[in-house]
>>> print(open('final25.cif').read())   # mmCIF, C-alpha atoms
data_model
loop_
_atom_site.label_atom_id
_atom_site.label_comp_id
_atom_site.auth_asym_id
_atom_site.auth_seq_id
_atom_site.Cartn_x
_atom_site.Cartn_y
_atom_site.Cartn_z
CA MET O 9 84.11 92.40 173.99
CA ILE O 10 83.52 90.38 177.11
CA LEU O 11 80.00 89.37 176.20
CA ILE O 12 80.86 88.14 172.75
CA ALA O 13 83.35 85.42 173.53
CA ALA O 14 81.65 83.73 176.48
CA GLY O 15 80.42 80.19 176.55
CA SER O 16 82.76 77.79 174.76
CA GLU O 17 83.60 74.30 175.95
CA SER O 18 87.37 74.21 175.51
CA PHE O 19 89.30 77.36 176.34
CA GLU O 20 90.11 79.42 173.28
CA ALA O 21 92.84 81.99 173.79
CA PRO O 22 91.85 85.45 172.55
CA GLY O 23 93.81 86.94 169.69
CA ILE O 24 94.02 89.90 167.37
CA ALA O 25 90.88 88.67 165.61
CA ASP O 26 88.84 89.68 168.67
CA PHE O 27 89.59 93.32 167.93
CA TRP O 28 87.97 93.17 164.50
CA GLN O 29 84.34 93.84 165.26
CA PRO O 30 82.24 94.79 162.27
CA LEU O 31 78.75 95.87 163.28
CA VAL O 32 77.21 96.41 159.85
CA GLY O 33 78.53 94.65 156.77
CA ASP O 34 81.90 92.98 156.39
CA GLY O 35 85.18 93.37 154.56
CA ALA O 36 86.67 96.70 153.53
CA PHE O 37 83.50 98.76 153.85
CA ALA O 38 82.20 97.42 157.13
CA LEU O 39 81.00 99.78 159.84
CA THR O 40 83.14 98.68 162.74
CA ARG O 41 82.99 99.27 166.44
CA SER O 42 86.14 101.38 166.34
CA MET O 43 84.48 103.73 163.83
CA ILE O 44 81.56 104.23 166.19
CA VAL O 45 83.87 104.89 169.14
CA PHE O 46 85.93 107.36 167.13
CA GLY O 47 82.77 109.09 165.95
CA VAL O 48 81.47 109.33 169.50
CA THR O 49 84.83 110.76 170.59
CA ALA O 50 84.78 113.40 167.88
CA LEU O 51 81.21 114.34 168.73
CA VAL O 52 81.81 114.52 172.49
CA LEU O 53 85.02 116.51 172.13
CA SER O 54 83.51 118.98 169.65
CA LEU O 55 80.46 119.56 171.82
CA VAL O 56 82.48 120.03 175.00
CA LEU O 57 85.03 122.35 173.38
CA ILE O 58 82.44 124.45 171.55
CA ARG O 59 80.36 124.74 174.69
CA VAL O 60 83.33 125.71 176.84
CA SER O 61 84.88 128.16 174.40
CA GLY O 62 81.55 129.83 173.80
CA ARG O 63 81.09 130.74 177.43
CA LEU O 64 84.51 131.69 178.73
CA ARG O 65 84.47 133.30 182.15
CA VAL O 66 87.15 135.08 184.11
CA VAL O 67 86.32 132.86 187.06
CA PRO O 68 86.20 129.43 185.40
CA GLY O 69 83.56 126.82 186.15
CA LYS O 70 84.42 123.15 186.57
CA THR O 71 84.40 122.22 182.89
CA GLN O 72 86.31 125.30 181.85
CA PHE O 73 88.84 124.63 184.58
CA ALA O 74 89.38 121.05 183.39
CA VAL O 75 89.69 122.01 179.70
CA GLU O 76 92.05 124.86 180.54
CA GLY O 77 94.09 122.49 182.67
CA VAL O 78 94.56 120.05 179.79
CA TYR O 79 95.24 122.88 177.36
CA SER O 80 97.85 124.55 179.51
CA PHE O 81 99.50 121.19 180.18
CA VAL O 82 99.88 120.57 176.44
CA ARG O 83 100.84 124.18 175.78
CA ASN O 84 103.45 124.54 178.49
CA SER O 85 105.04 121.19 179.20
CA LEU O 86 104.72 119.71 175.69
CA GLY O 87 104.63 122.66 173.30
CA ARG O 88 106.67 125.44 174.84
CA ASP O 89 109.27 123.41 176.70
CA ILE O 90 110.11 121.09 173.81
CA ILE O 91 109.57 123.02 170.58
CA GLY O 92 110.82 126.27 172.09
CA THR O 93 109.27 129.63 172.94
CA LYS O 94 109.85 131.04 169.45
CA ASP O 95 108.20 128.42 167.29
CA PHE O 96 105.64 126.51 169.31
CA LYS O 97 102.52 128.59 168.64
CA PRO O 98 101.59 127.31 165.13
CA PHE O 99 101.76 123.69 166.30
CA LEU O 100 99.56 124.05 169.36
CA PRO O 101 96.27 123.17 167.64
CA LEU O 102 97.84 119.98 166.25
CA LEU O 103 99.34 118.95 169.58
CA PHE O 104 96.22 119.74 171.57
CA SER O 105 93.90 117.93 169.14
CA LEU O 106 96.16 114.90 169.03
CA PHE O 107 96.35 114.76 172.80
CA ILE O 108 92.63 114.97 173.50
CA VAL O 109 91.64 112.67 170.63
CA ILE O 110 94.08 109.97 171.71
CA LEU O 111 93.31 110.41 175.39
CA VAL O 112 89.53 110.20 175.05
CA ASN O 113 89.73 107.32 172.57
CA ASN O 114 92.04 105.44 174.92
CA LEU O 115 89.89 106.12 177.95
CA PHE O 116 86.90 104.68 176.11
CA GLY O 117 88.77 101.41 176.49
CA VAL O 118 87.79 101.24 180.16
CA VAL O 119 84.39 102.94 180.01
CA PRO O 120 81.81 100.21 180.70
CA PHE O 121 79.71 99.07 177.71
CA ILE O 122 82.05 100.77 175.25
CA GLN O 123 85.31 99.14 176.36
CA PHE O 124 86.96 99.28 173.02
CA PRO O 125 90.27 101.04 172.45
CA THR O 126 90.05 102.50 168.95
CA PHE O 127 93.80 102.55 168.56
CA SER O 128 94.13 98.82 168.98
CA ARG O 129 93.46 98.84 165.24
CA LEU O 130 96.63 99.87 163.43
CA GLY O 131 94.75 101.91 160.82
CA TYR O 132 93.66 104.56 163.29
CA ALA O 133 97.11 104.98 164.80
CA ALA O 134 98.62 105.06 161.31
CA ALA O 135 96.25 107.82 160.21
CA LEU O 136 97.28 110.07 163.10
CA THR O 137 100.91 109.23 162.45
CA ALA O 138 100.51 110.20 158.80
CA VAL O 139 99.42 113.68 159.87
CA VAL O 140 102.45 114.01 162.15
CA TYR O 141 104.78 112.61 159.48
CA VAL O 142 103.67 115.06 156.81
CA THR O 143 103.81 117.91 159.31
CA TYR O 144 107.35 117.47 160.54
CA HIS O 145 108.83 116.80 157.13
CA THR O 146 106.99 119.72 155.55
CA VAL O 147 108.12 122.03 158.33
CA GLY O 148 111.69 120.75 158.01
CA ILE O 149 111.81 121.28 154.24
CA ARG O 150 110.24 124.74 154.52
CA ARG O 151 112.66 125.83 157.23
CA LYS O 152 115.90 124.49 155.82
CA GLY O 153 115.25 124.00 152.12
CA PHE O 154 115.42 120.57 150.55
CA VAL O 155 119.22 120.26 150.70
CA GLY O 156 119.42 121.66 154.20
CA TRP O 157 116.73 119.21 155.24
CA LEU O 158 118.80 116.31 153.89
CA LYS O 159 121.91 117.71 155.57
CA SER O 160 120.15 118.05 158.90
CA PHE O 161 119.87 114.26 159.15
CA VAL O 162 123.58 113.93 159.86
CA PRO O 163 125.01 115.50 163.02
CA SER O 164 127.64 118.09 162.14
CA GLY O 165 131.30 117.58 162.97
CA LEU O 166 131.61 113.94 161.98
CA PRO O 167 134.67 112.57 160.12
CA ALA O 168 133.99 112.52 156.38
CA GLY O 169 134.29 108.74 156.16
CA ILE O 170 131.38 108.10 158.49
CA VAL O 171 128.99 110.61 156.93
CA PRO O 172 127.54 108.36 154.17
CA VAL O 173 126.89 105.51 156.59
CA MET O 174 125.35 107.85 159.12
CA PHE O 175 123.25 109.44 156.41
CA ILE O 176 121.73 106.10 155.42
CA LEU O 177 121.05 105.19 159.05
CA GLU O 178 119.57 108.55 159.94
CA PHE O 179 117.57 108.70 156.73
CA LEU O 180 116.02 105.36 157.60
CA THR O 181 115.33 106.64 161.12
CA PHE O 182 113.60 109.79 159.93
CA VAL O 183 111.66 108.30 157.05
CA VAL O 184 110.82 104.74 158.14
CA ILE O 185 111.54 103.98 161.79
CA ARG O 186 110.05 107.10 163.36
CA PRO O 187 106.57 106.93 161.81
CA ALA O 188 106.47 103.14 162.07
CA THR O 189 107.28 103.09 165.76
CA LEU O 190 105.02 106.05 166.48
CA ALA O 191 102.03 104.18 165.07
CA LEU O 192 103.05 100.76 166.38
CA ARG O 193 103.71 102.06 169.89
CA LEU O 194 100.20 103.40 170.31
CA MET O 195 98.60 100.38 168.65
CA GLY O 196 100.82 97.87 170.44
CA ASN O 197 100.17 99.29 173.89
CA MET O 198 96.43 99.48 173.43
CA LEU O 199 96.26 96.03 171.85
CA ALA O 200 98.51 94.34 174.39
CA GLY O 201 96.78 95.91 177.38
CA HIS O 202 93.33 94.91 176.26
CA LEU O 203 94.44 91.50 175.13
CA LEU O 204 95.67 91.02 178.69
CA LEU O 205 92.30 92.09 180.09
CA LEU O 206 90.63 89.73 177.65
CA VAL O 207 92.84 86.83 178.70
CA PHE O 208 92.09 87.38 182.39
CA THR O 209 88.37 87.83 181.81
CA LEU O 210 87.92 84.87 179.48
CA GLY O 211 90.24 82.74 181.59
CA GLY O 212 88.33 83.61 184.75
CA GLU O 213 85.03 82.90 183.06
CA PHE O 214 86.28 79.55 181.80
CA LEU O 215 87.74 78.52 185.16
CA LEU O 216 84.60 79.52 187.05
CA LEU O 217 81.93 78.09 184.79
CA HIS O 218 83.41 75.42 182.57
CA SER O 219 86.07 73.79 184.69
CA THR O 220 86.35 71.50 187.72
CA ALA O 221 85.51 72.69 191.24
CA ILE O 222 89.14 73.08 192.26
CA ASN O 223 89.59 75.77 189.60
CA LYS O 224 86.99 78.16 191.03
CA ALA O 225 89.47 79.96 193.30
CA PRO O 226 91.94 80.83 190.52
CA GLY O 227 88.94 81.90 188.47
CA VAL O 228 87.98 84.47 191.09
CA LEU O 229 91.61 85.53 191.32
CA SER O 230 91.65 85.98 187.57
CA PHE O 231 88.68 88.35 187.72
CA GLY O 232 90.47 90.22 190.50
CA MET O 233 93.46 90.58 188.21
CA THR O 234 91.15 92.05 185.58
CA LEU O 235 90.28 94.87 187.97
CA VAL O 236 93.93 95.48 188.87
CA MET O 237 94.96 95.46 185.22
CA SER O 238 92.12 97.85 184.36
CA ALA O 239 93.56 100.36 186.80
CA PHE O 240 96.97 99.83 185.21
CA GLU O 241 95.36 100.28 181.79
CA ILE O 242 94.10 103.73 182.76
CA LEU O 243 97.68 104.70 183.61
CA VAL O 244 98.95 103.32 180.30
CA GLU O 245 96.21 105.15 178.40
CA PHE O 246 97.26 108.50 179.85
CA LEU O 247 100.90 107.65 179.30
CA GLN O 248 100.43 106.71 175.65
CA ALA O 249 98.54 109.90 174.84
CA TYR O 250 101.34 111.83 176.55
CA ILE O 251 104.12 109.93 174.78
CA PHE O 252 102.52 110.24 171.34
CA VAL O 253 102.24 114.01 171.68
CA LEU O 254 105.66 114.25 173.34
CA LEU O 255 107.30 112.48 170.41
CA THR O 256 105.34 114.59 167.93
CA ALA O 257 106.69 117.68 169.68
CA VAL O 258 110.21 116.26 169.71
CA TYR O 259 110.07 115.50 165.97
CA ILE O 260 108.71 118.96 165.18
CA ALA O 261 111.37 120.50 167.43
CA GLY O 262 114.02 118.63 165.45
CA ALA O 263 112.53 119.97 162.22
CA VAL O 264 112.45 123.63 163.31
CA ALA O 265 115.81 123.61 165.09
CA ASP O 266 118.52 125.60 163.33
CA GLU O 267 121.52 123.62 164.47
CA HIS O 268 121.65 119.94 165.01
CA MET W 28 103.36 70.28 175.37
CA THR W 29 102.26 72.29 172.38
CA GLY W 30 102.35 75.99 171.84
CA ASN W 31 103.68 78.73 169.71
CA ILE W 32 107.37 79.46 169.56
CA ALA W 33 106.71 83.05 168.45
CA ILE W 34 105.51 83.88 171.96
CA LEU W 35 108.73 82.46 173.39
CA ALA W 36 110.67 84.60 170.97
CA TYR W 37 108.76 87.63 172.11
CA GLY W 38 109.74 86.81 175.68
CA LEU W 39 113.37 86.82 174.59
CA ALA W 40 112.88 90.05 172.65
CA ALA W 41 111.47 91.74 175.74
CA ILE W 42 114.58 91.13 177.88
CA GLY W 43 116.68 93.85 176.29
CA PRO W 44 114.06 96.61 176.37
CA GLY W 45 113.19 95.57 179.94
CA ILE W 46 116.75 96.15 181.09
CA GLY W 47 116.98 99.33 179.03
CA ILE W 48 113.80 100.87 180.43
CA GLY W 49 114.94 99.95 183.94
CA LEU W 50 118.23 101.76 183.38
CA ILE W 51 116.51 104.83 181.96
CA PHE W 52 114.10 105.23 184.83
CA ALA W 53 116.80 104.47 187.39
CA ALA W 54 118.80 107.35 185.96
CA TYR W 55 115.69 109.54 185.92
CA ILE W 56 114.89 108.83 189.57
CA ASN W 57 118.52 109.44 190.50
CA GLY W 58 118.51 112.73 188.66
CA VAL W 59 115.31 113.94 190.26
CA ALA W 60 116.51 112.88 193.69
CA ARG W 61 119.70 114.84 193.26
CA GLN W 62 118.14 117.87 191.66
CA PRO W 63 114.36 118.05 192.12
CA GLU W 64 114.02 121.32 190.18
CA ALA W 65 115.28 119.59 187.01
CA ARG W 66 112.29 117.28 187.00
CA GLY W 67 110.52 118.81 184.00
CA VAL W 68 113.55 118.61 181.72
CA LEU W 69 114.48 115.14 182.91
CA GLN W 70 110.94 113.87 182.43
CA THR W 71 110.96 114.80 178.77
CA ILE W 72 114.34 113.18 178.23
CA ALA W 73 113.37 110.08 180.19
CA PHE W 74 110.15 109.52 178.28
CA THR W 75 111.81 110.16 174.93
CA GLY W 76 114.43 107.56 175.76
CA PHE W 77 111.78 105.23 177.11
CA ALA W 78 109.83 105.53 173.87
CA LEU W 79 112.91 104.74 171.80
CA VAL W 80 113.78 101.66 173.84
CA GLU W 81 110.21 100.49 173.97
CA ALA W 82 110.07 100.51 170.18
CA LEU W 83 112.19 97.35 170.18
CA ALA W 84 109.78 95.50 172.43
CA LEU W 85 106.89 96.66 170.26
CA LEU W 86 108.51 95.41 167.10
CA GLY W 87 108.91 92.08 168.90
CA LEU W 88 105.23 92.05 169.83
CA VAL W 89 104.12 92.84 166.31
CA PHE W 90 106.40 90.23 164.79
CA ALA W 91 105.23 87.64 167.31
CA PHE W 92 101.70 88.11 166.03
CA LEU W 93 102.73 88.41 162.39
CA PHE W 94 104.71 85.17 162.25
CA LYS W 95 102.38 83.19 164.47
CA SER W 96 101.19 80.71 161.90
#
>>> encode(input="final25.cif", output="structure tokens")
Amino acid sequence: MILIAAGSESFEAPGIADFWQPLVGDGAFALTRSMIVFGVTALVLSLVLIRVSGRLRVVPGKTQFAVEGVYSFVRNSLGRDIIGTKDFKPFLPLLFSLFIVILVNNLFGVVPFIQFPTFSRLGYAAALTAVVYVTYHTVGIRRKGFVGWLKSFVPSGLPAGIVPVMFILEFLTFVVIRPATLALRLMGNMLAGHLLLLVFTLGGEFLLLHSTAINKAPGVLSFGMTLVMSAFEILVEFLQAYIFVLLTAVYIAGAVADEH
Amino acid sequence: MTGNIAILAYGLAAIGPGIGIGLIFAAYINGVARQPEARGVLQTIAFTGFALVEALALLGLVFAFLFKS
């Protein structure tokens, strides 16, 4: 990303267009950089998990310890505590896969030479959200029946006059707002964070190489900010993986809960 | 001075969520300080609330890019 946009005379601010990076071909069927990163993620994760689960020991090695740590974090603090002891087991594979896929994809955003957050493209975030969306509605309809599912949108004990209004609001929340924000949150955070890095890097490059002598110091400062913001990005990347799975668990918990 | 007013609008749109997220985490820190053993429960609630409030800022960001031209 950094190498591509270097070397222009007047400073061009980076934009969303910088995140569209087709490697082979163009248009709808292009092989893009995000596809490669996602493929690499899938490959790496499958290899690591197959390798670890094939050689489980009572006294865990380093890799097994790390994988078990992530798994028990998702299982205990996201699955069991939110969905509830009774119902959380069937959803663990979904939660765990979502967490590691998002986390590794996000972390590729700061790995040198890859440095591309897959989820800065809305399509990838939307695809994961679609899985979550179908899951929590299907579970809700199966648990409560279609009418019960519709009823569960409105909190019980409201005055009869408010119920229709609340139903419309809550219906919109469940059907439109929740999936939209789930996808946009992941995409927006990844996009905004890396756009910021891009601004500091390109700005620093421009100030250092293409501007007057007095601008060299802010240019160096700008590169320094890139490092600081990269550290902040790592935090945000963990946080976004956590929040995505947390919200998934909260939505599923709402779908399996008996009472509102 | 030339520029894009959508970015200014995004700045305005970020005020509300900024205050909101500040309030949420202030309450979370307060809660944990008063009752450290409730941390796990509070964390879930805090991040759920944070995610809801942040949605507004994100919509602002997306709209700022959408209506740029």
>>> closest_residue(input="final25.cif", among="W:Ile34, W:Leu69, W:Leu93, W:Leu85", to="chain O", atoms="all atoms listed in the file")
W:Leu85
>>> closest_atom_pairs(input="final25.cif", of="chain O", to="chain W", cutoff="9 Å", atoms="all atoms listed in the file", output="Markdown table")
| residue | atom | partner | partner_atom | distance |
| --- | --- | --- | --- | --- |
| O:Gly23 | CA | W:Phe92 | CA | 8.8 |
| O:Ile24 | CA | W:Phe92 | CA | 8.0 |
| O:Ser85 | CA | W:Gly67 | CA | 7.7 |
| O:Leu86 | CA | W:Thr71 | CA | 8.5 |
| O:Asp89 | CA | W:Val68 | CA | 8.2 |
| O:Ile90 | CA | W:Thr71 | CA | 8.1 |
| O:Thr189 | CA | W:Ala82 | CA | 5.8 |
| O:Leu190 | CA | W:Ala82 | CA | 8.4 |
| O:Leu192 | CA | W:Leu85 | CA | 6.8 |
| O:Arg193 | CA | W:Leu85 | CA | 6.3 |
| O:Gly196 | CA | W:Leu85 | CA | 6.2 |
| O:Asn197 | CA | W:Leu85 | CA | 8.1 |
| O:Ala200 | CA | W:Leu88 | CA | 8.4 |
| O:Ile251 | CA | W:Phe74 | CA | 7.0 |
| O:Leu254 | CA | W:Thr75 | CA | 7.6 |
| O:Leu255 | CA | W:Thr75 | CA | 6.8 |
| O:Val258 | CA | W:Thr75 | CA | 8.2 |
>>> closest_residue(input="final25.cif", among="O:Asp266, O:Pro22, O:Met237, O:Ala261", to="Gly92 in chain O", atoms="all atoms listed in the file")
O:Ala261
>>> atom_distance(input="final25.cif", atom1="CA of Phe104 in chain O", atom2="CA of Tyr141 in chain O")
16.4 Å
>>> atom_distance(input="final25.cif", atom1="CA of Arg41 in chain O", atom2="CA of Ser105 in chain O")
21.8 Å
>>> residues_around(input="final25.cif", residues="Asn31 in chain W", least_positions_apart="3", cutoff="10 Å", atoms="only C-alpha atoms", output="number ranges by chain")
W: 34-36, 91, 94-96
